[in-house]
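Trainee: So here's target_9.txt, just compact mmCIF, C-alpha atoms and all ligand atoms:
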# COMPACT_ATOMS: atom_id res chain seq x y z
CA MET A 1 -14.43 -22.80 24.26
CA ALA A 2 -13.89 -26.05 26.19
CA GLU A 3 -15.98 -27.90 23.58
CA ILE A 4 -13.46 -27.03 20.83
CA ALA A 5 -10.28 -27.14 22.94
CA THR A 6 -9.06 -30.37 21.31
CA ILE A 7 -9.95 -29.50 17.70
CA GLY A 8 -6.97 -28.70 15.51
CA THR A 9 -4.26 -28.96 18.19
CA ASP A 10 -0.86 -28.84 16.49
CA ARG A 11 1.54 -31.17 18.30
CA ALA A 12 4.56 -30.15 16.20
CA ARG A 13 4.13 -26.37 16.63
CA GLY A 14 2.10 -26.19 19.82
CA GLY A 15 -1.19 -24.30 19.83
CA TYR A 16 -3.75 -24.72 17.06
CA SER A 17 -3.58 -25.03 13.28
CA ARG A 18 -7.05 -24.64 11.80
CA HIS A 19 -7.19 -23.54 8.17
CA VAL A 20 -10.07 -23.05 5.79
CA PHE A 21 -11.67 -26.33 4.62
CA ASP A 22 -9.11 -28.53 6.37
CA THR A 23 -10.26 -31.28 8.73
CA ALA A 24 -10.03 -29.21 11.91
CA GLU A 25 -11.87 -26.24 10.41
CA ARG A 26 -14.59 -28.48 9.06
CA GLU A 27 -15.02 -29.89 12.58
CA LEU A 28 -15.30 -26.33 13.90
CA ARG A 29 -17.95 -25.56 11.29
CA GLU A 30 -19.96 -28.53 12.57
CA TRP A 31 -19.47 -27.40 16.19
CA PHE A 32 -20.70 -23.92 15.31
CA THR A 33 -23.75 -25.20 13.41
CA THR A 34 -24.74 -27.56 16.24
CA SER A 35 -24.18 -24.90 18.91
CA ALA A 36 -26.09 -22.22 16.99
CA GLU A 37 -29.04 -24.56 16.43
CA ARG A 38 -28.93 -25.48 20.10
CA VAL A 39 -29.57 -21.83 21.02
CA GLY A 40 -32.42 -21.69 18.49
CA LEU A 41 -30.73 -20.02 15.52
CA ASP A 42 -31.28 -20.96 11.86
CA VAL A 43 -27.96 -21.69 10.16
CA ASP A 44 -27.06 -21.27 6.53
CA VAL A 45 -23.78 -21.06 4.63
CA ASP A 46 -23.31 -18.39 1.97
CA ARG A 47 -21.76 -18.92 -1.45
CA ASN A 48 -18.35 -17.72 -0.19
CA GLY A 49 -18.09 -20.24 2.64
CA ASN A 50 -19.14 -17.87 5.46
CA ILE A 51 -21.65 -19.31 7.96
CA TRP A 52 -24.67 -17.26 9.15
CA ALA A 53 -26.81 -18.16 12.18
CA TRP A 54 -30.06 -16.15 12.26
CA TRP A 55 -32.38 -15.08 15.09
CA GLY A 56 -35.42 -13.97 13.09
CA THR A 57 -36.03 -13.99 9.35
CA PRO A 58 -32.93 -12.79 7.46
CA ALA A 59 -33.67 -9.24 6.31
CA ASP A 60 -31.92 -5.95 5.62
CA GLY A 61 -30.77 -3.91 8.58
CA ALA A 62 -29.89 -6.87 10.77
CA VAL A 63 -27.59 -6.55 13.79
CA VAL A 64 -24.68 -8.86 13.02
CA THR A 65 -21.88 -10.05 15.27
CA GLY A 66 -19.30 -12.82 14.97
CA SER A 67 -15.68 -13.42 13.99
CA HIS A 68 -13.64 -16.34 12.62
CA LEU A 69 -12.71 -19.90 13.65
CA ASP A 70 -9.57 -20.42 11.57
CA SER A 71 -6.13 -19.78 13.10
CA VAL A 72 -2.58 -18.92 12.18
CA PRO A 73 -0.25 -21.95 12.20
CA GLY A 74 0.36 -22.81 15.87
CA GLY A 75 -2.05 -20.09 17.01
CA GLY A 76 -3.74 -19.45 20.31
CA ALA A 77 -7.17 -20.62 21.46
CA PHE A 78 -8.90 -17.23 21.57
CA ASP A 79 -8.06 -15.34 18.34
CA GLY A 80 -11.33 -15.74 16.46
CA PRO A 81 -13.18 -18.40 18.47
CA LEU A 82 -13.65 -16.08 21.47
CA GLY A 83 -15.70 -13.73 19.28
CA VAL A 84 -17.79 -16.59 17.91
CA ALA A 85 -18.36 -18.33 21.26
CA SER A 86 -19.14 -15.00 22.97
CA ALA A 87 -21.69 -14.16 20.27
CA LEU A 88 -23.48 -17.48 20.79
CA ALA A 89 -23.38 -17.00 24.59
CA ALA A 90 -24.70 -13.44 24.31
CA VAL A 91 -27.60 -14.56 22.07
CA GLU A 92 -28.41 -17.41 24.47
CA ARG A 93 -28.43 -14.95 27.38
CA LEU A 94 -30.80 -12.57 25.58
CA ARG A 95 -33.13 -15.40 24.60
CA ASN A 96 -33.16 -16.77 28.16
CA ASP A 97 -33.95 -13.25 29.42
CA GLY A 98 -36.98 -13.22 27.10
CA PHE A 99 -35.56 -10.37 25.00
CA ARG A 100 -37.55 -9.87 21.80
CA PRO A 101 -35.41 -8.12 19.16
CA ARG A 102 -37.13 -5.69 16.79
CA ARG A 103 -34.45 -6.40 14.17
CA PRO A 104 -33.05 -9.72 12.97
CA ILE A 105 -29.81 -10.70 14.73
CA ALA A 106 -27.15 -12.86 13.07
CA VAL A 107 -23.95 -14.54 14.24
CA VAL A 108 -21.48 -14.89 11.36
CA VAL A 109 -18.32 -16.97 11.00
CA PHE A 110 -16.08 -15.61 8.24
CA ALA A 111 -13.88 -18.03 6.30
CA GLU A 112 -10.03 -17.90 6.22
CA GLU A 113 -9.62 -14.68 8.24
CA GLU A 114 -5.94 -15.42 8.90
CA GLY A 115 -5.06 -16.35 5.33
CA GLY A 116 -3.19 -19.23 6.98
CA ARG A 117 -3.72 -21.61 4.07
CA PHE A 118 -4.16 -19.46 0.96
CA GLY A 119 -2.15 -16.38 1.99
CA VAL A 120 -4.79 -13.62 1.70
CA PRO A 121 -6.30 -12.55 5.06
CA CYS A 122 -10.08 -12.08 5.46
CA LEU A 123 -10.70 -14.10 2.29
CA GLY A 124 -14.35 -14.83 3.16
CA SER A 125 -15.27 -11.22 3.97
CA ARG A 126 -13.24 -9.90 1.02
CA LEU A 127 -15.15 -12.23 -1.33
CA LEU A 128 -18.47 -11.22 0.24
CA THR A 129 -17.77 -7.49 -0.18
CA GLY A 130 -16.10 -7.78 -3.58
CA ALA A 131 -12.77 -6.62 -2.13
CA ILE A 132 -11.10 -9.52 -3.96
CA PRO A 133 -12.19 -10.69 -7.45
CA PRO A 134 -13.35 -14.33 -7.32
CA ASP A 135 -10.97 -15.42 -10.08
CA ARG A 136 -8.02 -14.14 -8.04
CA ALA A 137 -9.28 -15.94 -4.92
CA LEU A 138 -10.03 -19.20 -6.72
CA THR A 139 -6.51 -19.46 -8.18
CA LEU A 140 -4.76 -18.92 -4.81
CA THR A 141 -2.79 -22.03 -3.90
CA ASP A 142 -1.76 -23.54 -0.57
CA ALA A 143 1.68 -24.99 0.30
CA ASP A 144 0.77 -28.25 -1.49
CA GLY A 145 -0.32 -26.46 -4.65
CA THR A 146 -4.03 -27.08 -4.03
CA THR A 147 -6.10 -24.19 -5.38
CA PHE A 148 -8.80 -22.49 -3.31
CA ALA A 149 -11.21 -23.58 -6.08
CA ASP A 150 -10.28 -27.25 -5.57
CA ALA A 151 -10.43 -27.02 -1.77
CA ALA A 152 -13.80 -25.25 -1.95
CA THR A 153 -15.17 -27.83 -4.41
CA LYS A 154 -14.01 -30.66 -2.12
CA ALA A 155 -15.81 -28.91 0.76
CA GLY A 156 -19.03 -28.85 -1.28
CA PHE A 157 -19.00 -25.33 -2.72
CA ASP A 158 -19.48 -24.29 -6.35
CA PRO A 159 -16.45 -22.19 -7.42
CA GLY A 160 -18.63 -20.56 -10.08
CA ARG A 161 -20.74 -18.92 -7.37
CA PHE A 162 -17.94 -17.24 -5.36
CA GLY A 163 -17.97 -13.45 -5.50
CA LYS A 164 -19.65 -10.28 -4.25
CA ASP A 165 -22.87 -11.09 -2.41
CA ASP A 166 -25.07 -7.99 -2.46
CA VAL A 167 -27.99 -9.76 -0.78
CA ALA A 168 -25.88 -10.88 2.20
CA LEU A 169 -24.21 -7.48 2.41
CA ALA A 170 -27.52 -5.58 2.34
CA ARG A 171 -28.74 -7.61 5.29
CA ILE A 172 -25.94 -6.28 7.51
CA GLY A 173 -27.29 -3.12 9.16
CA THR A 174 -24.54 -3.01 11.81
CA PHE A 175 -21.59 -5.30 12.47
CA VAL A 176 -19.88 -5.56 15.88
CA GLU A 177 -17.00 -8.03 16.34
CA LEU A 178 -15.78 -9.11 19.76
CA HIS A 179 -12.11 -10.18 19.76
CA VAL A 180 -9.45 -11.08 22.28
CA GLU A 181 -7.01 -8.19 22.57
CA GLN A 182 -3.71 -8.95 20.85
CA GLY A 183 -1.55 -6.42 22.68
CA ARG A 184 -1.11 -4.92 26.14
CA GLY A 185 -3.66 -2.09 25.89
CA LEU A 186 -6.13 -3.52 28.39
CA ILE A 187 -3.42 -4.64 30.79
CA ASP A 188 -2.19 -1.05 30.98
CA ALA A 189 -5.74 0.36 31.12
CA GLY A 190 -6.75 -2.04 33.89
CA SER A 191 -10.10 -2.76 32.21
CA PRO A 192 -11.60 -6.11 31.08
CA ILE A 193 -13.04 -4.68 27.86
CA ALA A 194 -12.44 -1.86 25.40
CA VAL A 195 -14.12 -0.40 22.32
CA GLY A 196 -12.08 -0.39 19.10
CA THR A 197 -11.30 2.85 17.25
CA GLY A 198 -9.66 1.50 14.09
CA ILE A 199 -7.07 -0.75 12.46
CA ASP A 200 -3.58 0.16 11.20
CA PRO A 201 -2.91 -0.23 7.48
CA HIS A 202 -1.02 -3.45 6.77
CA GLY A 203 0.09 -5.61 3.88
CA ARG A 204 1.85 -8.80 2.90
CA TRP A 205 4.57 -9.10 0.24
CA ARG A 206 6.22 -12.23 -1.13
CA LEU A 207 9.93 -11.96 -2.10
CA SER A 208 11.26 -14.81 -4.22
CA PHE A 209 15.07 -15.05 -4.49
CA THR A 210 16.48 -17.33 -7.19
CA GLY A 211 20.12 -18.41 -7.56
CA ARG A 212 21.97 -21.59 -8.45
CA GLY A 213 21.22 -24.67 -6.42
CA ASP A 214 24.34 -26.71 -5.78
CA HIS A 215 26.21 -29.06 -3.47
CA ALA A 216 27.12 -27.65 -0.03
CA GLY A 217 30.39 -29.56 -0.02
CA THR A 218 31.78 -29.03 -3.50
CA ALA A 219 30.60 -25.59 -4.69
CA ALA A 220 33.39 -23.05 -4.10
CA VAL A 221 32.06 -20.13 -2.07
CA ALA A 222 33.42 -17.59 -4.55
CA ASP A 223 31.37 -19.22 -7.31
CA ARG A 224 28.10 -19.37 -5.44
CA ASN A 225 24.81 -17.61 -6.23
CA ASP A 226 23.16 -18.59 -2.98
CA PRO A 227 19.63 -17.03 -2.60
CA MET A 228 19.78 -17.59 1.16
CA ILE A 229 22.30 -14.75 1.44
CA PRO A 230 20.09 -11.95 0.03
CA ALA A 231 17.14 -13.47 1.88
CA ALA A 232 19.03 -13.21 5.17
CA ARG A 233 20.11 -9.63 4.41
CA THR A 234 16.46 -8.78 3.66
CA VAL A 235 15.36 -10.07 7.07
CA LEU A 236 17.91 -7.75 8.68
CA ALA A 237 16.76 -4.88 6.43
CA ALA A 238 13.19 -5.45 7.65
CA ARG A 239 14.30 -5.00 11.25
CA ALA A 240 16.31 -1.89 10.32
CA ALA A 241 13.25 -0.35 8.63
CA ALA A 242 11.01 -1.04 11.64
CA GLY A 243 10.67 0.43 15.11
CA HIS A 244 10.28 4.06 14.12
CA GLY A 245 7.33 6.42 14.22
CA PRO A 246 4.21 6.47 16.37
CA ARG A 247 3.38 3.03 17.80
CA ASP A 248 6.25 1.58 15.78
CA THR A 249 6.42 0.88 12.10
CA ARG A 250 6.40 -2.91 12.06
CA ALA A 251 8.09 -5.25 9.57
CA THR A 252 8.18 -8.99 10.12
CA VAL A 253 9.45 -12.03 8.25
CA GLY A 254 7.63 -14.93 9.88
CA LYS A 255 7.85 -17.34 6.99
CA LEU A 256 10.93 -18.19 4.90
CA VAL A 257 11.02 -21.30 2.71
CA PRO A 258 14.24 -22.52 1.00
CA VAL A 259 13.72 -24.75 -2.02
CA PRO A 260 14.56 -27.64 -2.06
CA GLY A 261 15.43 -27.23 1.64
CA GLY A 262 18.15 -29.87 2.26
CA THR A 263 20.80 -29.43 4.93
CA ASN A 264 23.57 -30.22 2.44
CA VAL A 265 21.99 -28.34 -0.46
CA ILE A 266 22.57 -24.74 -1.52
CA PRO A 267 18.99 -23.66 -2.24
CA ALA A 268 17.96 -22.87 -5.80
CA ARG A 269 15.28 -20.55 -4.48
CA VAL A 270 14.28 -18.91 -1.22
CA ASP A 271 10.78 -17.48 -0.75
CA LEU A 272 10.09 -15.16 2.16
CA TRP A 273 6.98 -13.27 3.16
CA LEU A 274 7.09 -9.74 4.59
CA ASP A 275 4.30 -8.44 6.82
CA SER A 276 4.52 -4.67 7.28
CA ARG A 277 2.25 -2.29 9.20
CA ALA A 278 2.28 1.23 10.56
CA THR A 279 -0.18 3.81 11.88
CA ALA A 280 -0.09 5.52 8.46
CA THR A 281 0.00 4.15 4.93
CA GLU A 282 2.99 6.31 3.95
CA ALA A 283 5.10 4.89 6.77
CA THR A 284 4.29 1.35 5.65
CA SER A 285 5.06 2.16 2.03
CA GLU A 286 8.38 3.79 3.03
CA ALA A 287 9.39 0.75 5.08
CA VAL A 288 8.49 -1.65 2.28
CA ALA A 289 10.34 0.47 -0.27
CA ALA A 290 13.49 0.47 1.89
CA ILE A 291 13.28 -3.27 2.43
CA THR A 292 12.68 -4.16 -1.22
CA GLU A 293 15.54 -1.80 -2.23
CA ALA A 294 17.83 -3.65 0.17
CA ALA A 295 16.57 -6.98 -1.22
CA ARG A 296 17.43 -5.96 -4.79
CA THR A 297 20.91 -4.76 -3.80
CA ALA A 298 21.57 -7.94 -1.84
CA ALA A 299 20.33 -10.14 -4.72
CA ASN A 300 22.55 -8.26 -7.14
CA ASP A 301 25.61 -8.62 -4.89
CA GLU A 302 25.12 -12.40 -4.87
CA GLY A 303 24.34 -12.77 -8.56
CA CYS A 304 20.76 -13.75 -7.74
CA GLU A 305 17.35 -12.55 -8.99
CA VAL A 306 14.52 -11.33 -6.78
CA GLU A 307 10.82 -10.99 -7.56
CA VAL A 308 8.61 -8.90 -5.26
CA THR A 309 4.82 -9.50 -5.26
CA GLU A 310 2.25 -7.69 -3.12
CA GLU A 311 -0.06 -10.48 -1.89
CA SER A 312 -2.51 -8.38 0.13
CA TRP A 313 -3.09 -4.81 1.26
CA SER A 314 -5.51 -3.62 3.95
CA GLY A 315 -5.86 0.17 4.14
CA PRO A 316 -6.30 2.13 7.36
CA VAL A 317 -9.68 1.68 9.08
CA SER A 318 -11.49 4.12 11.38
CA PHE A 319 -14.64 2.53 12.78
CA ASP A 320 -17.93 4.44 12.44
CA ALA A 321 -17.69 7.23 15.04
CA ARG A 322 -21.40 7.25 15.93
CA LEU A 323 -21.44 3.52 16.50
CA ARG A 324 -18.18 3.68 18.43
CA ASP A 325 -19.62 6.33 20.74
CA ARG A 326 -22.91 4.42 21.08
CA LEU A 327 -20.98 1.29 22.10
CA ARG A 328 -19.00 3.31 24.59
CA THR A 329 -22.08 4.92 26.12
CA THR A 330 -23.89 1.58 26.32
CA LEU A 331 -20.92 0.03 28.12
CA GLY A 332 -20.23 2.77 30.64
CA GLU A 333 -17.30 4.45 28.91
CA PRO A 334 -14.70 1.64 28.69
CA PRO A 335 -11.29 2.55 27.19
CA LEU A 336 -10.88 3.11 23.44
CA LEU A 337 -8.19 1.06 21.68
CA PRO A 338 -6.55 1.26 18.26
CA THR A 339 -5.05 -1.96 16.97
CA GLY A 340 -2.37 -3.23 14.61
CA ALA A 341 -4.27 -6.49 14.10
CA GLY A 342 -6.47 -6.98 11.06
CA HIS A 343 -10.04 -8.25 11.35
CA ASP A 344 -13.06 -8.99 9.18
CA ALA A 345 -14.58 -5.90 10.84
CA GLY A 346 -11.89 -3.94 9.01
CA VAL A 347 -13.14 -5.25 5.67
CA LEU A 348 -16.82 -4.64 6.45
CA ALA A 349 -16.11 -1.12 7.77
CA ALA A 350 -15.96 0.16 4.17
CA HIS A 351 -19.56 -0.97 3.61
CA VAL A 352 -21.58 -0.89 6.87
CA PRO A 353 -21.32 0.80 10.28
CA THR A 354 -18.83 -1.45 12.07
CA GLY A 355 -17.41 -1.58 15.58
CA MET A 356 -15.22 -3.81 17.74
CA LEU A 357 -15.10 -4.88 21.37
CA TYR A 358 -11.86 -6.23 22.86
CA VAL A 359 -11.45 -8.59 25.81
CA ARG A 360 -8.33 -8.32 27.96
CA ASN A 361 -5.48 -10.70 27.25
CA PRO A 362 -3.29 -10.83 30.40
CA THR A 363 -0.25 -12.00 28.45
CA GLY A 364 -0.54 -9.33 25.73
CA ILE A 365 0.74 -12.06 23.37
CA SER A 366 -1.17 -13.40 20.36
CA HIS A 367 -0.62 -15.64 17.33
CA SER A 368 0.96 -17.93 19.93
CA PRO A 369 -0.21 -20.63 22.37
CA ALA A 370 0.60 -18.06 25.09
CA GLU A 371 -2.48 -16.03 24.07
CA HIS A 372 -4.97 -16.03 26.95
CA ALA A 373 -8.15 -14.54 28.39
CA GLU A 374 -9.39 -15.13 31.95
CA ASP A 375 -12.91 -16.50 32.50
CA ASP A 376 -14.02 -13.34 34.37
CA ASP A 377 -12.90 -11.14 31.47
CA CYS A 378 -14.57 -13.46 28.95
CA GLU A 379 -17.75 -13.20 31.02
CA ALA A 380 -17.45 -9.40 30.97
CA GLY A 381 -17.11 -9.63 27.18
CA VAL A 382 -20.26 -11.73 26.83
CA GLU A 383 -22.20 -9.35 29.09
CA ALA A 384 -20.96 -6.36 27.10
CA LEU A 385 -21.87 -7.96 23.78
CA ALA A 386 -25.32 -8.91 25.09
CA GLN A 387 -25.89 -5.28 26.17
CA VAL A 388 -24.73 -4.05 22.77
CA LEU A 389 -27.00 -6.46 20.87
CA ARG A 390 -29.93 -5.48 23.10
CA GLU A 391 -29.23 -1.79 22.47
CA LEU A 392 -28.79 -2.17 18.68
CA ALA A 393 -31.62 -4.69 18.05
O1 LIG A 401 -2.75 -10.54 10.70
C1 LIG A 401 -3.62 -10.04 11.37
O2 LIG A 401 -3.51 -8.93 11.81
C2 LIG A 401 -4.88 -10.81 11.68
O3 LIG A 401 -4.61 -11.67 12.72
N1 LIG A 401 -5.36 -11.51 10.53
MN MN A 402 -5.14 -13.35 14.10
MN MN A 403 -8.52 -12.69 14.65
What does the file become when written as structure tokens?
Mentor:
Amino acid sequence: MAEIATIGTDRARGGYSRHVFDTAERELREWFTTSAERVGLDVDVDRNGNIWAWWGTPADGAVVTGSHLDSVPGGGAFDGPLGVASALAAVERLRNDGFRPRRPIAVVVFAEEEGGRFGVPCLGSRLLTGAIPPDRALTLTDADGTTFADAATKAGFDPGRFGKDDVALARIGTFVELHVEQGRGLIDAGSPIAVGTGIDPHGRWRLSFTGRGDHAGTAAVADRNDPMIPAARTVLAARAAAGHGPRDTRATVGKLVPVPGGTNVIPARVDLWLDSRATATEATSEAVAAITEAARTAANDEGCEVEVTEESWSGPVSFDARLRDRLRTTLGEPPLLPTGAGHDAGVLAAHVPTGMLYVRNPTGISHSPAEHAEDDDCEAGVEALAQVLRELA
């Protein structure tokens, strides 16, 4: 973790900004390749931009672990990289102990887990599993209008080869992802590690409000069609729709972009992105329906238009019960934790037996520079992952 501590630091936001195929992420790819080779693994990159480091000849039924290296804008140091660094450390420990696996073991780094650049989370694992059609992925654009196809080409990939990878998928016999906890579960449980039970359903919607751009000083208020007004009312509607039900229905607007975005300019358009999650799909759908209804009413009141687009949906995930119980038994019955955070493990769970291990985060905060994990707890995570790999392989 210390080796990558200076890669992708974001001075403006604080924390880290590391997004697929940008300079920082490419540096992290090099760090991973060098580190994996240093512990004796053979590294190759698949057609969808995911990196695989193999102990033993790649073959079906492998025991696979890993996570992601990309971050949210201004993210913390541990979300993603802790799972990757811990996997390398666990493999190194097993090799130093002279462990001889009967199955191939692989450490994988999935591309664009956060969707921080192209908007769709778990893009690399969704492409691998066929959860997203390649032509949809390739036409995604970043804030500058660069397509994923162009960014991938610039990074040395052939856009024509992106898409479901049955060979890579068949090789995964079991997948276990270690991840820093992104809530307070382990603080309250007083344990350094936990085994994951599942992931709440969650989605992302883009709401685009259009009105009439004009001069802030000369346009009479009564004549305005200012898209910022319905956008603001929608943010409040999101809060009103949230906070109910078991473990809270959640609705968040973390990104709102006025166009053109001048201090003295009434925006012509305001784009905002809604992230909504709940313990059940119906609760999420109800919240989103209430919020989009409020958005349409607010747009109408202001003489504006609004367009609602679902950008991604991740259904509810329950990890394989047998594997979950086997992880728990191997690790001496640590606590079980559900989570509201999405992971590549959630995408793979539909295809292969998948499990998760969490490492305590004493702040309970994530997607923020405040995210943290103590060395002792990280060490407990590496030891747990090494035990799990030994047991499974
Ligand atoms: O948004 C999430 O839950 C994850 O960090 N991608
Ligand atoms: Mn994250
Ligand atoms: Mn993550």
Trainee: Near stretch 67-78 of chain A, within 8 Å and counting all atoms listed in the file, which residues show up once chain neighbours fewer than 5 positions away are dropped, as a JSON list (two decimals) with C-alpha atoms, keeping the file's coordinate frame?
Mentor:
[["chain", "number", "residue", "atom", "x", "y", "z"],
["A", 5, "ALA", "CA", -10.28, -27.14, 22.94],
["A", 10, "ASP", "CA", -0.86, -28.84, 16.49],
["A", 13, "ARG", "CA", 4.13, -26.37, 16.63],
["A", 14, "GLY", "CA", 2.10, -26.19, 19.82],
["A", 15, "GLY", "CA", -1.19, -24.30, 19.83],
["A", 16, "TYR", "CA", -3.75, -24.72, 17.06],
["A", 17, "SER", "CA", -3.58, -25.03, 13.28],
["A", 18, "ARG", "CA", -7.05, -24.64, 11.80],
["A", 19, "HIS", "CA", -7.19, -23.54, 8.17],
["A", 20, "VAL", "CA", -10.07, -23.05, 5.79],
["A", 25, "GLU", "CA", -11.87, -26.24, 10.41],
["A", 28, "LEU", "CA", -15.30, -26.33, 13.90],
["A", 83, "GLY", "CA", -15.70, -13.73, 19.28],
["A", 84, "VAL", "CA", -17.79, -16.59, 17.91],
["A", 108, "VAL", "CA", -21.48, -14.89, 11.36],
["A", 109, "VAL", "CA", -18.32, -16.97, 11.00],
["A", 110, "PHE", "CA", -16.08, -15.61, 8.24],
["A", 111, "ALA", "CA", -13.88, -18.03, 6.30],
["A", 112, "GLU", "CA", -10.03, -17.90, 6.22],
["A", 113, "GLU", "CA", -9.62, -14.68, 8.24],
["A", 114, "GLU", "CA", -5.94, -15.42, 8.90],
["A", 115, "GLY", "CA", -5.06, -16.35, 5.33],
["A", 116, "GLY", "CA", -3.19, -19.23, 6.98],
["A", 177, "GLU", "CA", -17.00, -8.03, 16.34],
["A", 178, "LEU", "CA", -15.78, -9.11, 19.76],
["A", 179, "HIS", "CA", -12.11, -10.18, 19.76],
["A", 180, "VAL", "CA", -9.45, -11.08, 22.28],
["A", 344, "ASP", "CA", -13.06, -8.99, 9.18],
["A", 366, "SER", "CA", -1.17, -13.40, 20.36],
["A", 367, "HIS", "CA", -0.62, -15.64, 17.33],
["A", 368, "SER", "CA", 0.96, -17.93, 19.93],
["A", 369, "PRO", "CA", -0.21, -20.63, 22.37],
["A", 370, "ALA", "CA", 0.60, -18.06, 25.09],
["A", 371, "GLU", "CA", -2.48, -16.03, 24.07],
["A", 372, "HIS", "CA", -4.97, -16.03, 26.95],
["A", 373, "ALA", "CA", -8.15, -14.54, 28.39]]
Trainee: Counting all atoms listed in the file, which residues of chain A fall within 7 Å of ligand LIG 401 (chain A), and what is the closest atom pair for each with its distance in Å at one decimal, ordered by chain and rising number, as CSV?
Mentor:
residue,atom,partner,partner_atom,distance
A:Glu113,CA,A:LIG401,N1,5.8
A:Glu114,CA,A:LIG401,N1,4.3
A:Pro121,CA,A:LIG401,N1,5.6
A:Cys122,CA,A:LIG401,N1,7.0
A:Gly340,CA,A:LIG401,O2,6.5
A:Ala341,CA,A:LIG401,O2,3.4
A:Gly342,CA,A:LIG401,O2,3.6
A:His343,CA,A:LIG401,N1,5.8
Trainee: Residues near A:Val167, anyone? I mean within 10 Å using all atoms listed in the file, not counting same-chain ones fewer than 2 positions away, as an mmCIF file with C-alpha atoms, in the frame of the given file.
Mentor:
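The resulting file, selection-v4.cif, is reproduced below:
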data_model
loop_
_atom_site.group_PDB
_atom_site.id
_atom_site.type_symbol
_atom_site.label_atom_id
_atom_site.label_comp_id
_atom_site.auth_asym_id
_atom_site.auth_seq_id
_atom_site.Cartn_x
_atom_site.Cartn_y
_atom_site.Cartn_z
ATOM 1 C CA ALA A 59 -33.670 -9.240 6.310
ATOM 2 C CA ASP A 60 -31.920 -5.950 5.620
ATOM 3 C CA LEU A 128 -18.470 -11.220 0.240
ATOM 4 C CA LYS A 164 -19.650 -10.280 -4.250
ATOM 5 C CA ASP A 165 -22.870 -11.090 -2.410
ATOM 6 C CA LEU A 169 -24.210 -7.480 2.410
ATOM 7 C CA ALA A 170 -27.520 -5.580 2.340
ATOM 8 C CA ARG A 171 -28.740 -7.610 5.290
ATOM 9 C CA ILE A 172 -25.940 -6.280 7.510
#
Trainee: So which residues touch stretch 303-308 of chain A within 9 Å, counting all atoms listed in the file, skipping near sequence neighbours fewer than 5 positions away, as a ChimeraX atom specification?
Mentor: /A:205-212,224-227,230,292,295-296,298
Trainee: Quick one: pull the distance between atom CA of A:Arg269 and atom CA of A:Phe118, Å, one decimal.
Mentor: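 Atom CA of A:Phe118 lies at a distance of 20.2 Å from atom CA of A:Arg269.
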Trainee: For ligand MN 402 (chain A), which residue out of A:Leu236, A:Ile266, A:Leu82, A:Ile7 is the nearest one, using all atoms listed in the file?
Mentor: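 Result for the nearest residue to ligand MN 402 (chain A): A:Leu82.
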Trainee: Skipping near chain neighbours, those fewer than 4 positions away, what residues fall within 12 Å of A:Thr34 using all atoms listed in the file, listed as a compact mmCIF listing (two decimals) with C-alpha atoms, keeping the file's coordinate frame?
Mentor:
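Generated file (out-v4.txt):
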# COMPACT_ATOMS: atom_id res chain seq x y z
CA GLU A 3 -15.98 -27.90 23.58
CA GLU A 27 -15.02 -29.89 12.58
CA LEU A 28 -15.30 -26.33 13.90
CA ARG A 29 -17.95 -25.56 11.29
CA GLU A 30 -19.96 -28.53 12.57
CA ARG A 38 -28.93 -25.48 20.10
CA VAL A 39 -29.57 -21.83 21.02
CA GLY A 40 -32.42 -21.69 18.49
CA LEU A 41 -30.73 -20.02 15.52
CA ASP A 42 -31.28 -20.96 11.86
CA VAL A 43 -27.96 -21.69 10.16
CA ASP A 44 -27.06 -21.27 6.53
CA ALA A 53 -26.81 -18.16 12.18
CA LEU A 88 -23.48 -17.48 20.79
Trainee: I'd like to know which of A:Pro246, A:Gly124, A:Ser312, A:Glu181 is closest to A:Gly196, using only C-alpha atoms.
Mentor: A:Glu181
Trainee: I need the residue nearest ligand MN 402 (chain A) from this list: A:Thr339, A:Gly61, A:Gly261, A:Arg136. Use all atoms listed in the file for the distance.
Mentor: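 Checking each candidate against ligand MN 402 (chain A), we get A:Thr339 as the closest.
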